[in-house]
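Asks: So here's query_22.cif, just mmCIF, C-alpha atoms:
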```
data_structure
#
loop_
_atom_site.label_atom_id
_atom_site.label_comp_id
_atom_site.auth_asym_id
_atom_site.auth_seq_id
_atom_site.Cartn_x
_atom_site.Cartn_y
_atom_site.Cartn_z
CA MET A 407 130.90 133.33 101.59
CA THR A 408 132.20 130.04 100.22
CA VAL A 409 135.47 128.49 99.28
CA GLN A 410 135.63 126.98 95.81
CA PRO A 411 134.97 123.25 95.32
CA PRO A 412 137.75 121.07 96.82
CA VAL A 413 141.10 122.51 95.78
CA SER A 414 144.11 120.19 95.85
CA HIS A 415 147.76 121.05 95.58
CA SER A 416 150.70 118.69 95.13
CA MET A 417 153.67 120.21 96.90
CA GLU A 418 157.35 119.44 97.17
CA SER A 419 158.78 118.38 100.51
CA THR A 420 160.39 121.71 101.33
CA LEU A 421 160.17 124.48 103.92
CA GLU A 422 158.94 126.75 101.15
CA SER A 423 155.93 124.45 100.75
CA VAL A 424 155.26 124.73 104.49
CA ASN A 425 155.27 128.53 104.25
CA ARG A 426 153.04 128.52 101.14
CA ALA A 427 150.58 126.13 102.76
CA GLU A 428 150.33 128.40 105.80
CA GLU A 429 149.50 131.37 103.56
CA MET A 430 146.93 129.33 101.59
CA ALA A 431 145.28 128.23 104.80
CA ASP A 432 144.98 131.82 105.99
CA LYS A 433 143.38 132.82 102.67
CA ALA A 434 140.95 129.87 102.70
CA ALA A 435 139.94 130.61 106.27
CA ALA A 436 139.38 134.28 105.42
CA GLN A 437 137.27 133.31 102.39
CA VAL A 438 134.80 131.38 104.50
CA GLY A 439 134.55 134.09 107.13
CA PHE A 440 136.78 133.16 110.06
CA ASP A 441 138.00 136.06 112.21
CA GLU A 442 141.67 136.92 112.69
CA ASP A 443 142.14 134.81 115.82
CA ALA A 444 140.61 131.70 114.26
CA ARG A 445 142.58 132.23 111.06
CA GLY A 446 145.77 132.38 113.08
CA GLY A 447 144.97 129.06 114.69
CA ILE A 448 143.96 127.39 111.44
CA SER A 449 147.07 128.53 109.56
CA MET A 450 149.24 127.43 112.48
CA ALA A 451 147.60 124.00 112.52
CA VAL A 452 148.21 123.64 108.79
CA ARG A 453 151.80 124.78 109.22
CA GLU A 454 152.42 122.18 111.92
CA ALA A 455 150.76 119.42 109.86
CA MET A 456 152.85 120.37 106.83
CA ILE A 457 156.05 120.33 108.91
CA ASN A 458 155.15 116.81 110.05
CA ALA A 459 154.49 115.74 106.46
CA VAL A 460 157.55 117.40 104.92
CA MET A 461 160.08 116.73 107.66
CA HIS A 462 158.99 113.65 109.61
CA GLY A 463 156.97 111.97 106.89
CA ASN A 464 158.80 112.64 103.65
CA GLY A 465 162.20 113.52 105.16
CA TYR A 466 162.57 116.47 102.74
CA SER A 467 162.91 113.91 99.93
CA THR A 468 162.75 115.32 96.42
CA ASP A 469 161.05 112.06 95.37
CA LYS A 470 158.12 112.51 97.74
CA HIS A 471 155.31 115.00 97.63
CA VAL A 472 152.69 116.34 100.01
CA SER A 473 149.07 116.63 98.97
CA LEU A 474 147.16 119.57 100.48
CA THR A 475 143.40 119.89 99.94
CA PHE A 476 140.95 122.59 101.03
CA ASP A 477 137.23 121.83 101.10
CA GLN A 478 134.05 123.20 102.57
CA ALA A 479 131.61 120.51 103.64
CA GLY A 480 128.74 120.28 106.09
CA GLY A 481 129.38 123.72 107.53
CA ASN A 482 133.06 122.97 108.10
CA LEU A 483 136.38 124.00 106.60
CA VAL A 484 138.11 120.70 105.92
CA ILE A 485 141.85 120.62 105.23
CA THR A 486 143.58 117.36 104.34
CA ILE A 487 147.31 116.78 104.21
CA LYS A 488 148.86 113.56 102.94
CA ASP A 489 152.50 112.51 102.94
CA GLU A 490 154.31 109.50 101.47
CA GLY A 491 156.37 108.60 104.48
CA PRO A 492 156.63 105.54 106.70
CA GLY A 493 153.41 106.33 108.55
CA LEU A 494 152.60 107.96 111.86
CA ASP A 495 150.92 106.51 114.95
CA PRO A 496 149.42 109.55 116.68
CA ASP A 497 148.74 107.51 119.82
CA ALA A 498 152.44 106.81 120.21
CA ILE A 499 153.35 110.49 120.50
CA PRO A 500 154.27 111.44 124.06
CA ASP A 501 152.13 114.04 125.82
CA PRO A 502 154.12 117.30 125.61
CA LEU A 503 152.39 118.57 128.76
CA ALA A 504 153.60 115.67 130.90
CA PRO A 505 156.24 116.90 133.37
CA GLU A 506 158.92 114.64 131.90
CA ASN A 507 158.29 116.08 128.40
CA LEU A 508 157.64 119.74 129.18
CA MET A 509 161.23 120.86 128.60
CA LYS A 510 161.83 118.78 125.49
CA GLN A 511 162.78 120.65 122.34
CA SER A 512 160.24 118.92 120.12
CA GLY A 513 156.96 117.04 120.18
CA ARG A 514 154.37 119.83 120.34
CA GLY A 515 153.16 119.88 116.73
CA ILE A 516 150.18 117.53 116.95
CA PHE A 517 149.21 118.95 120.32
CA LEU A 518 148.99 122.43 118.77
CA ILE A 519 147.01 121.11 115.78
CA ARG A 520 144.44 119.63 118.17
CA ALA A 521 144.37 122.83 120.22
CA PHE A 522 143.35 124.99 117.25
CA MET A 523 141.02 122.69 115.28
CA ASP A 524 137.64 121.29 116.29
CA GLU A 525 138.41 117.82 115.01
CA VAL A 526 141.57 116.06 113.85
CA LYS A 527 141.59 112.67 112.14
CA PHE A 528 144.48 110.42 111.14
CA ARG A 529 144.41 107.75 108.48
CA LYS A 530 147.17 105.37 107.60
CA LEU A 531 147.91 105.27 103.89
CA ASP A 532 149.99 102.86 101.91
CA PRO A 533 152.42 104.49 102.04
CA GLY A 534 152.12 107.52 104.23
CA THR A 535 149.75 109.33 106.54
CA GLU A 536 146.68 111.46 105.94
CA ILE A 537 145.69 114.05 108.51
CA THR A 538 142.31 115.82 108.26
CA LEU A 539 141.80 119.11 110.06
CA ILE A 540 138.21 120.26 110.60
CA LYS A 541 136.99 123.62 111.85
CA ARG A 542 133.33 124.59 112.12
CA ILE A 543 132.54 127.70 110.08
CA PRO A 544 130.83 130.32 112.23
CA LYS A 545 127.29 131.22 111.17
CA GLN A 546 127.20 134.66 109.54
CA MET B 202 159.79 138.33 107.37
CA SER B 203 163.16 136.80 108.32
CA MET B 204 164.32 136.80 111.91
CA LYS B 205 166.71 139.47 113.10
CA ALA B 206 168.58 139.58 116.39
CA SER B 207 170.58 142.43 117.89
CA THR B 208 172.12 142.61 121.32
CA ARG B 209 172.82 145.38 123.84
CA GLN B 210 173.98 145.50 127.45
CA VAL B 211 172.07 147.07 130.32
CA ASP B 212 173.39 146.77 133.88
CA GLY B 213 175.23 143.53 133.22
CA VAL B 214 172.29 141.96 131.40
CA THR B 215 172.46 141.11 127.70
CA ILE B 216 169.23 142.10 126.01
CA VAL B 217 168.55 140.32 122.72
CA ASP B 218 166.08 142.27 120.62
CA LEU B 219 164.40 139.79 118.28
CA SER B 220 162.13 140.67 115.37
CA GLY B 221 160.32 138.57 112.82
CA ARG B 222 159.24 134.95 112.98
CA ILE B 223 160.84 132.27 115.13
CA THR B 224 159.96 129.27 112.98
CA LEU B 225 161.46 126.08 111.60
CA GLY B 226 164.39 127.03 109.44
CA GLU B 227 166.16 130.38 109.48
CA GLY B 228 164.35 131.86 112.48
CA SER B 229 165.14 129.01 114.83
CA VAL B 230 168.73 128.89 113.66
CA VAL B 231 169.25 132.63 114.29
CA LEU B 232 168.02 132.25 117.88
CA ARG B 233 170.08 129.13 118.48
CA ASP B 234 173.28 130.68 117.10
CA THR B 235 172.74 133.91 119.04
CA ILE B 236 172.41 132.09 122.36
CA LYS B 237 175.38 129.84 121.60
CA ASP B 238 177.48 132.87 120.73
CA LEU B 239 176.49 134.76 123.88
CA LEU B 240 177.19 131.80 126.15
CA GLY B 241 180.49 131.25 124.41
CA LYS B 242 181.48 134.81 125.30
CA GLY B 243 180.48 134.31 128.93
CA ASN B 244 177.18 136.22 128.85
CA LYS B 245 174.95 134.38 131.29
CA LYS B 246 172.24 136.93 132.05
CA ILE B 247 170.12 136.96 128.92
CA LEU B 248 166.84 138.79 128.36
CA LEU B 249 165.00 137.91 125.16
CA ASN B 250 162.90 140.86 124.02
CA LEU B 251 160.08 139.32 121.95
CA GLY B 252 158.12 142.53 121.43
CA ASP B 253 158.66 142.41 117.67
CA VAL B 254 158.29 138.66 117.25
CA SER B 255 155.17 138.36 115.16
CA TYR B 256 154.93 134.59 115.04
CA ILE B 257 156.37 131.43 116.58
CA ASP B 258 155.71 127.82 115.67
CA SER B 259 156.41 124.62 117.61
CA SER B 260 160.03 124.64 116.42
CA GLY B 261 160.41 128.19 117.69
CA ILE B 262 158.93 127.19 121.03
CA GLY B 263 161.42 124.34 121.09
CA GLU B 264 164.28 126.76 120.53
CA LEU B 265 163.10 128.96 123.41
CA VAL B 266 163.04 125.88 125.64
CA SER B 267 166.45 124.82 124.40
CA ALA B 268 167.83 128.32 125.04
CA PHE B 269 166.43 128.26 128.58
CA THR B 270 167.97 124.90 129.43
CA SER B 271 171.31 125.77 127.79
CA VAL B 272 171.65 128.98 129.79
CA GLN B 273 170.50 127.31 132.99
CA ARG B 274 172.96 124.44 132.48
CA GLN B 275 175.78 126.99 132.43
CA GLY B 276 174.59 128.53 135.67
CA GLY B 277 172.94 131.50 133.98
CA GLU B 278 169.48 133.04 133.74
CA LEU B 279 167.24 133.59 130.72
CA LYS B 280 164.08 135.67 130.91
CA LEU B 281 161.47 136.82 128.40
CA LEU B 282 160.22 140.34 127.78
CA ASN B 283 157.20 141.86 125.97
CA LEU B 284 155.34 138.80 124.73
CA THR B 285 152.76 139.52 122.05
CA LYS B 286 149.31 138.04 122.66
CA LYS B 287 149.98 135.27 120.17
CA VAL B 288 153.24 134.15 121.79
CA HIS B 289 151.76 134.57 125.29
CA ASP B 290 148.79 132.35 124.38
CA LEU B 291 151.05 129.68 122.87
CA LEU B 292 153.22 129.53 125.96
CA GLN B 293 150.08 129.28 128.08
CA ILE B 294 148.61 126.44 126.00
CA THR B 295 151.88 124.51 126.13
CA LYS B 296 152.19 125.10 129.88
CA LEU B 297 155.52 126.87 129.40
CA TYR B 298 154.37 130.31 130.57
CA THR B 299 155.12 129.50 134.20
CA VAL B 300 158.48 127.91 133.33
CA PHE B 301 159.85 131.14 131.95
CA ASP B 302 160.14 134.34 133.97
CA VAL B 303 158.12 136.71 131.75
CA LYS B 304 158.15 140.48 132.16
CA ASP B 305 156.43 143.32 130.30
CA ASP B 306 158.74 146.13 131.36
CA GLU B 307 162.44 146.26 130.52
CA ALA B 308 163.65 147.98 133.69
CA THR B 309 161.77 145.50 135.85
CA ALA B 310 163.11 142.62 133.81
CA VAL B 311 166.72 143.78 134.14
CA GLY B 312 166.27 144.27 137.88
CA ALA B 313 164.93 140.73 138.23
CA PHE B 314 168.27 139.12 137.38
CA SER B 315 170.50 138.08 140.25
CA HIS B 316 173.08 140.73 140.95
#
```
As structure tokens, what does this structure read like?
Replies:
Amino acid sequence: MTVQPPVSHSMESTLESVNRAEEMADKAAAQVGFDEDARGGISMAVREAMINAVMHGNGYSTDKHVSLTFDQAGGNLVITIKDEGPGLDPDAIPDPLAPENLMKQSGRGIFLIRAFMDEVKFRKLDPGTEITLIKRIPKQ
Amino acid sequence: MSMKASTRQVDGVTIVDLSGRITLGEGSVVLRDTIKDLLGKGNKKILLNLGDVSYIDSSGIGELVSAFTSVQRQGGELKLLNLTKKVHDLLQITKLYTVFDVKDDEATAVGAFSH
């Protein structure tokens, strides 16, 4: 089973885009053969990355868009999300598992992305941030 | 599926039956407003029944944490009931499972509140 050649979507900075991206991620993961559990994790990771892009990156601005790309490369499902915001330093995000942060209302998004994907990469853009989510496709 | 919340009383405990998705946007707001309303009316023993909650994201987890601390700050108790596997696993990964008092039986959960 394969996903089509890289498919890119330009999306508005809205909650609706977050929900659509989550559904697209579930479909893409199903297409390449992930089971239900893995699909749940992948779609959640995409949801969290989209929330970061839409809310923290683009600030729900109607002038800014999010780019979402699905690709299959080297035995992996590769999902890339780009925003046009001020930029994110992933190393500056507090550890949500640290005792002083455990009961905070926010700050778990990137942690969850890393929990469900095999590899997560960040790249600073000008402007914005690109996050790449990679999950190894199980051998059939 | 939008979030729905309904409440009922059992032995002095307010049970909030939640269904749908607790996510950024409407779902989180419904939970937040429900807790605020209950605390405003003096209900301080709150049991969140999550048996029909199909999905929760990091914002939803944040609202659960916020609900817990809000109730605790007012001298009350908040417990969780009937976690689905998905929600259970998320609370485990985020190390919140041991923060909340989680039950899988309503009668036991109601009995666990201070009387």
Asks: Could you build a table of the residues in chain B lying no more than 12 Å from chain A, giving for each the nearest pair of atoms and their separation in Å rounded to one decimal place, using all atoms listed in the file, ordered by chain and ascending residue number, as a tab-separated table?
Replies:
```
residue	atom	partner	partner_atom	distance
B:Met202	CA	A:Asn425	CA	11.2
B:Arg222	CA	A:Asn425	CA	11.5
B:Thr224	CA	A:Asn425	CA	9.9
B:Leu225	CA	A:Leu421	CA	8.0
B:Gly226	CA	A:Leu421	CA	7.4
B:Glu227	CA	A:Leu421	CA	10.1
B:Ser229	CA	A:Gln511	CA	11.5
B:Arg233	CA	A:Gln511	CA	11.8
B:Ser255	CA	A:Gly446	CA	11.3
B:Tyr256	CA	A:Met450	CA	9.5
B:Ile257	CA	A:Met450	CA	9.1
B:Asp258	CA	A:Met450	CA	7.2
B:Ser259	CA	A:Gly515	CA	5.8
B:Ser260	CA	A:Ser512	CA	6.8
B:Gly261	CA	A:Gln511	CA	9.2
B:Ile262	CA	A:Gln511	CA	7.7
B:Gly263	CA	A:Gln511	CA	4.1
B:Glu264	CA	A:Gln511	CA	6.5
B:Leu265	CA	A:Gln511	CA	8.4
B:Val266	CA	A:Met509	CA	6.1
B:Ser267	CA	A:Gln511	CA	5.9
B:Ala268	CA	A:Gln511	CA	9.6
B:Phe269	CA	A:Met509	CA	9.0
B:Thr270	CA	A:Met509	CA	7.9
B:Ser271	CA	A:Met509	CA	11.2
B:Lys286	CA	A:Asp443	CA	10.4
B:Lys287	CA	A:Gly446	CA	8.7
B:Val288	CA	A:Gly446	CA	11.6
B:Asp290	CA	A:Gly447	CA	10.9
B:Leu291	CA	A:Leu518	CA	8.6
B:Leu292	CA	A:Leu518	CA	11.0
B:Gln293	CA	A:Leu503	CA	11.0
B:Ile294	CA	A:Ala521	CA	8.0
B:Thr295	CA	A:Leu503	CA	6.5
B:Lys296	CA	A:Leu503	CA	6.6
B:Leu297	CA	A:Leu508	CA	7.4
B:Tyr298	CA	A:Leu508	CA	11.2
B:Thr299	CA	A:Leu508	CA	11.3
B:Val300	CA	A:Met509	CA	8.9
B:Phe301	CA	A:Met509	CA	10.9
```
Asks: For the atom pair atom CA of Val217 of chain B and atom CA of Leu249 of chain B, what is the interatomic distance in Å to one decimal place?
Replies: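 One can read the atom CA of Val217 of chain B to atom CA of Leu249 of chain B distance as 4.9 Å.
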Asks: Evaluated on this file, the PyMOL selection byres ((chain B and resi 235) around 12) picks out some residues - which ones are they, written as an MDAnalysis selection string?
Replies: chainID B and resid 204:208 215:219 228:234 236:242 244 247 249 264:265 268 272
Asks: Take the residues from that selection and write them out as a PDB file, in the frame of the given file, keeping C-alpha atoms.
Replies:
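New file again_2.pdb:
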```
ATOM      1  CA  MET B 204     164.320 136.800 111.910  1.00  0.00           C
ATOM      2  CA  LYS B 205     166.710 139.470 113.100  1.00  0.00           C
ATOM      3  CA  ALA B 206     168.580 139.580 116.390  1.00  0.00           C
ATOM      4  CA  SER B 207     170.580 142.430 117.890  1.00  0.00           C
ATOM      5  CA  THR B 208     172.120 142.610 121.320  1.00  0.00           C
ATOM      6  CA  THR B 215     172.460 141.110 127.700  1.00  0.00           C
ATOM      7  CA  ILE B 216     169.230 142.100 126.010  1.00  0.00           C
ATOM      8  CA  VAL B 217     168.550 140.320 122.720  1.00  0.00           C
ATOM      9  CA  ASP B 218     166.080 142.270 120.620  1.00  0.00           C
ATOM     10  CA  LEU B 219     164.400 139.790 118.280  1.00  0.00           C
ATOM     11  CA  GLY B 228     164.350 131.860 112.480  1.00  0.00           C
ATOM     12  CA  SER B 229     165.140 129.010 114.830  1.00  0.00           C
ATOM     13  CA  VAL B 230     168.730 128.890 113.660  1.00  0.00           C
ATOM     14  CA  VAL B 231     169.250 132.630 114.290  1.00  0.00           C
ATOM     15  CA  LEU B 232     168.020 132.250 117.880  1.00  0.00           C
ATOM     16  CA  ARG B 233     170.080 129.130 118.480  1.00  0.00           C
ATOM     17  CA  ASP B 234     173.280 130.680 117.100  1.00  0.00           C
ATOM     18  CA  ILE B 236     172.410 132.090 122.360  1.00  0.00           C
ATOM     19  CA  LYS B 237     175.380 129.840 121.600  1.00  0.00           C
ATOM     20  CA  ASP B 238     177.480 132.870 120.730  1.00  0.00           C
ATOM     21  CA  LEU B 239     176.490 134.760 123.880  1.00  0.00           C
ATOM     22  CA  LEU B 240     177.190 131.800 126.150  1.00  0.00           C
ATOM     23  CA  GLY B 241     180.490 131.250 124.410  1.00  0.00           C
ATOM     24  CA  LYS B 242     181.480 134.810 125.300  1.00  0.00           C
ATOM     25  CA  ASN B 244     177.180 136.220 128.850  1.00  0.00           C
ATOM     26  CA  ILE B 247     170.120 136.960 128.920  1.00  0.00           C
ATOM     27  CA  LEU B 249     165.000 137.910 125.160  1.00  0.00           C
ATOM     28  CA  GLU B 264     164.280 126.760 120.530  1.00  0.00           C
ATOM     29  CA  LEU B 265     163.100 128.960 123.410  1.00  0.00           C
ATOM     30  CA  ALA B 268     167.830 128.320 125.040  1.00  0.00           C
ATOM     31  CA  VAL B 272     171.650 128.980 129.790  1.00  0.00           C
TER      32      VAL B 272
END
```
Asks: Quick one: distance from atom CA of His289 of chain B to atom CA of Ala434 of chain A in Å, one decimal?
Replies: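 Result for atom CA of His289 of chain B versus atom CA of Ala434 of chain A: 25.5 Å, one decimal.
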Asks: Could you give me the centre and size, in Å to one decimal, of an axis-aligned box around all listed atoms of segment 465-470 of chain A with 5 Å added on every side, as lines of an AutoDock Vina configuration file?
Replies:
```
center_x = 160.5
center_y = 114.3
center_z = 100.3
size_x = 14.8
size_y = 14.4
size_z = 19.8
```
Asks: Residues at most 6 Å from Thr535 of chain A, counting all atoms listed in the file, excluding those fewer than 2 positions away in the same chain, as a list in words?
Replies: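 Counting all atoms listed in the file, the residues come to Lys488, Asp489, Gly493, Arg529, Lys530 and Leu531 of chain A.
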Asks: Record the distance separating atom CA of Val526 of chain A and atom CA of Leu483 of chain A, expressed in Å with one decimal.
Replies: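 Computed distance, atom CA of Val526 of chain A to atom CA of Leu483 of chain A, equals 11.9 Å.
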Asks: Expand the PyMOL selection byres ((chain A and resi 420) around 10) into the individual residues it matches in the shown file, reporting them as a ChimeraX atom specification.
Replies: /A:417-419,421-425,456-457,459-461,464-468,471-472
Asks: Name the residues in contact with Val413 of chain A at a cut-off of 7 Å, using all atoms listed in the file, excluding same-chain residues fewer than 5 positions from it; report them as an mmCIF file with C-alpha atoms, in the coordinates of the input.
Replies:
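Saved the output as around33.cif:
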```
data_model
loop_
_atom_site.group_PDB
_atom_site.id
_atom_site.type_symbol
_atom_site.label_atom_id
_atom_site.label_comp_id
_atom_site.auth_asym_id
_atom_site.auth_seq_id
_atom_site.Cartn_x
_atom_site.Cartn_y
_atom_site.Cartn_z
ATOM 1 C CA THR A 475 143.400 119.890 99.940
ATOM 2 C CA PHE A 476 140.950 122.590 101.030
ATOM 3 C CA ASP A 477 137.230 121.830 101.100
#
```
Asks: I'd like the contact shell of Ala444 of chain A - 12 Å cut-off, all atoms listed in the file, skipping same-chain residues fewer than 2 positions apart - returned as a PyMOL selection string.
Replies: (chain A and resi 431-436+438-442+446-451+483+521-524+541-544) or (chain B and resi 287)
Asks: Would you be able to write out as a VMD selection string which residues have an atom within 9 Å of (164.6, 135.8, 129.8) in the file's coordinates, counting all atoms listed in the file?
Replies: chain B and resid 216 246 to 250 269 278 to 282 301 to 304 310
Asks: Hey, can you spit out that residue selection with C-alpha atoms as a PDB file, keeping the file's coordinate frame?
Replies:
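Wrote it out as result-v3.pdb, contents follow:
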```
ATOM      1  CA  ILE B 216     169.230 142.100 126.010  1.00  0.00           C
ATOM      2  CA  LYS B 246     172.240 136.930 132.050  1.00  0.00           C
ATOM      3  CA  ILE B 247     170.120 136.960 128.920  1.00  0.00           C
ATOM      4  CA  LEU B 248     166.840 138.790 128.360  1.00  0.00           C
ATOM      5  CA  LEU B 249     165.000 137.910 125.160  1.00  0.00           C
ATOM      6  CA  ASN B 250     162.900 140.860 124.020  1.00  0.00           C
ATOM      7  CA  PHE B 269     166.430 128.260 128.580  1.00  0.00           C
ATOM      8  CA  GLU B 278     169.480 133.040 133.740  1.00  0.00           C
ATOM      9  CA  LEU B 279     167.240 133.590 130.720  1.00  0.00           C
ATOM     10  CA  LYS B 280     164.080 135.670 130.910  1.00  0.00           C
ATOM     11  CA  LEU B 281     161.470 136.820 128.400  1.00  0.00           C
ATOM     12  CA  LEU B 282     160.220 140.340 127.780  1.00  0.00           C
ATOM     13  CA  PHE B 301     159.850 131.140 131.950  1.00  0.00           C
ATOM     14  CA  ASP B 302     160.140 134.340 133.970  1.00  0.00           C
ATOM     15  CA  VAL B 303     158.120 136.710 131.750  1.00  0.00           C
ATOM     16  CA  LYS B 304     158.150 140.480 132.160  1.00  0.00           C
ATOM     17  CA  ALA B 310     163.110 142.620 133.810  1.00  0.00           C
TER      18      ALA B 310
END
```
Asks: Can you fill out segment 251-278 of chain B with N, CA and C atoms and hand it back as a short mmCIF file (atom, residue, chain, number, x, y, z; two decimals), keeping the file's coordinate frame?
Replies:
```cif
data_model
loop_
_atom_site.label_atom_id
_atom_site.label_comp_id
_atom_site.auth_asym_id
_atom_site.auth_seq_id
_atom_site.Cartn_x
_atom_site.Cartn_y
_atom_site.Cartn_z
N LEU B 251 160.89 139.89 123.04
CA LEU B 251 160.08 139.32 121.95
C LEU B 251 158.99 140.28 121.47
N GLY B 252 159.15 141.55 121.78
CA GLY B 252 158.12 142.53 121.43
C GLY B 252 157.84 142.62 119.94
N ASP B 253 158.86 142.34 119.13
CA ASP B 253 158.66 142.41 117.67
C ASP B 253 158.64 141.03 117.03
N VAL B 254 158.41 140.02 117.81
CA VAL B 254 158.29 138.66 117.25
C VAL B 254 156.82 138.44 116.92
N SER B 255 156.56 138.40 115.62
CA SER B 255 155.17 138.36 115.16
C SER B 255 154.57 136.96 115.19
N TYR B 256 155.45 135.94 115.21
CA TYR B 256 154.93 134.59 115.04
C TYR B 256 155.97 133.60 115.54
N ILE B 257 155.48 132.50 116.15
CA ILE B 257 156.37 131.43 116.58
C ILE B 257 155.65 130.12 116.36
N ASP B 258 156.35 129.13 115.83
CA ASP B 258 155.71 127.82 115.67
C ASP B 258 156.29 126.84 116.70
N SER B 259 155.96 125.57 116.58
CA SER B 259 156.41 124.62 117.61
C SER B 259 157.93 124.50 117.62
N SER B 260 158.56 124.67 116.46
CA SER B 260 160.03 124.64 116.42
C SER B 260 160.61 125.83 117.16
N GLY B 261 159.98 126.99 116.98
CA GLY B 261 160.41 128.19 117.69
C GLY B 261 160.25 128.05 119.19
N ILE B 262 159.15 127.45 119.60
CA ILE B 262 158.93 127.19 121.03
C ILE B 262 160.03 126.27 121.54
N GLY B 263 160.35 125.26 120.73
CA GLY B 263 161.42 124.34 121.09
C GLY B 263 162.76 125.03 121.27
N GLU B 264 163.02 126.01 120.41
CA GLU B 264 164.28 126.76 120.53
C GLU B 264 164.30 127.62 121.79
N LEU B 265 163.16 128.19 122.15
CA LEU B 265 163.10 128.96 123.41
C LEU B 265 163.40 128.04 124.59
N VAL B 266 162.80 126.85 124.57
CA VAL B 266 163.04 125.88 125.64
C VAL B 266 164.51 125.48 125.67
N SER B 267 165.05 125.22 124.50
CA SER B 267 166.45 124.82 124.40
C SER B 267 167.38 125.93 124.91
N ALA B 268 167.04 127.18 124.57
CA ALA B 268 167.83 128.32 125.04
C ALA B 268 167.79 128.39 126.56
N PHE B 269 166.61 128.20 127.12
CA PHE B 269 166.43 128.26 128.58
C PHE B 269 167.30 127.21 129.27
N THR B 270 167.23 125.97 128.77
CA THR B 270 167.97 124.90 129.43
C THR B 270 169.47 125.07 129.22
N SER B 271 169.88 125.55 128.05
CA SER B 271 171.31 125.77 127.79
C SER B 271 171.88 126.81 128.74
N VAL B 272 171.17 127.91 128.90
CA VAL B 272 171.65 128.98 129.79
C VAL B 272 171.66 128.50 131.24
N GLN B 273 170.60 127.81 131.61
CA GLN B 273 170.50 127.31 132.99
C GLN B 273 171.62 126.32 133.30
N ARG B 274 171.93 125.47 132.31
CA ARG B 274 172.96 124.44 132.48
C ARG B 274 174.33 125.08 132.74
N GLN B 275 174.51 126.28 132.23
CA GLN B 275 175.78 126.99 132.43
C GLN B 275 175.71 127.95 133.62
N GLY B 276 174.69 127.74 134.45
CA GLY B 276 174.59 128.53 135.67
C GLY B 276 174.06 129.95 135.44
N GLY B 277 173.43 130.16 134.29
CA GLY B 277 172.94 131.50 133.98
C GLY B 277 171.44 131.63 134.12
N GLU B 278 170.92 132.78 133.69
CA GLU B 278 169.48 133.04 133.74
C GLU B 278 169.01 133.57 132.39
#
```
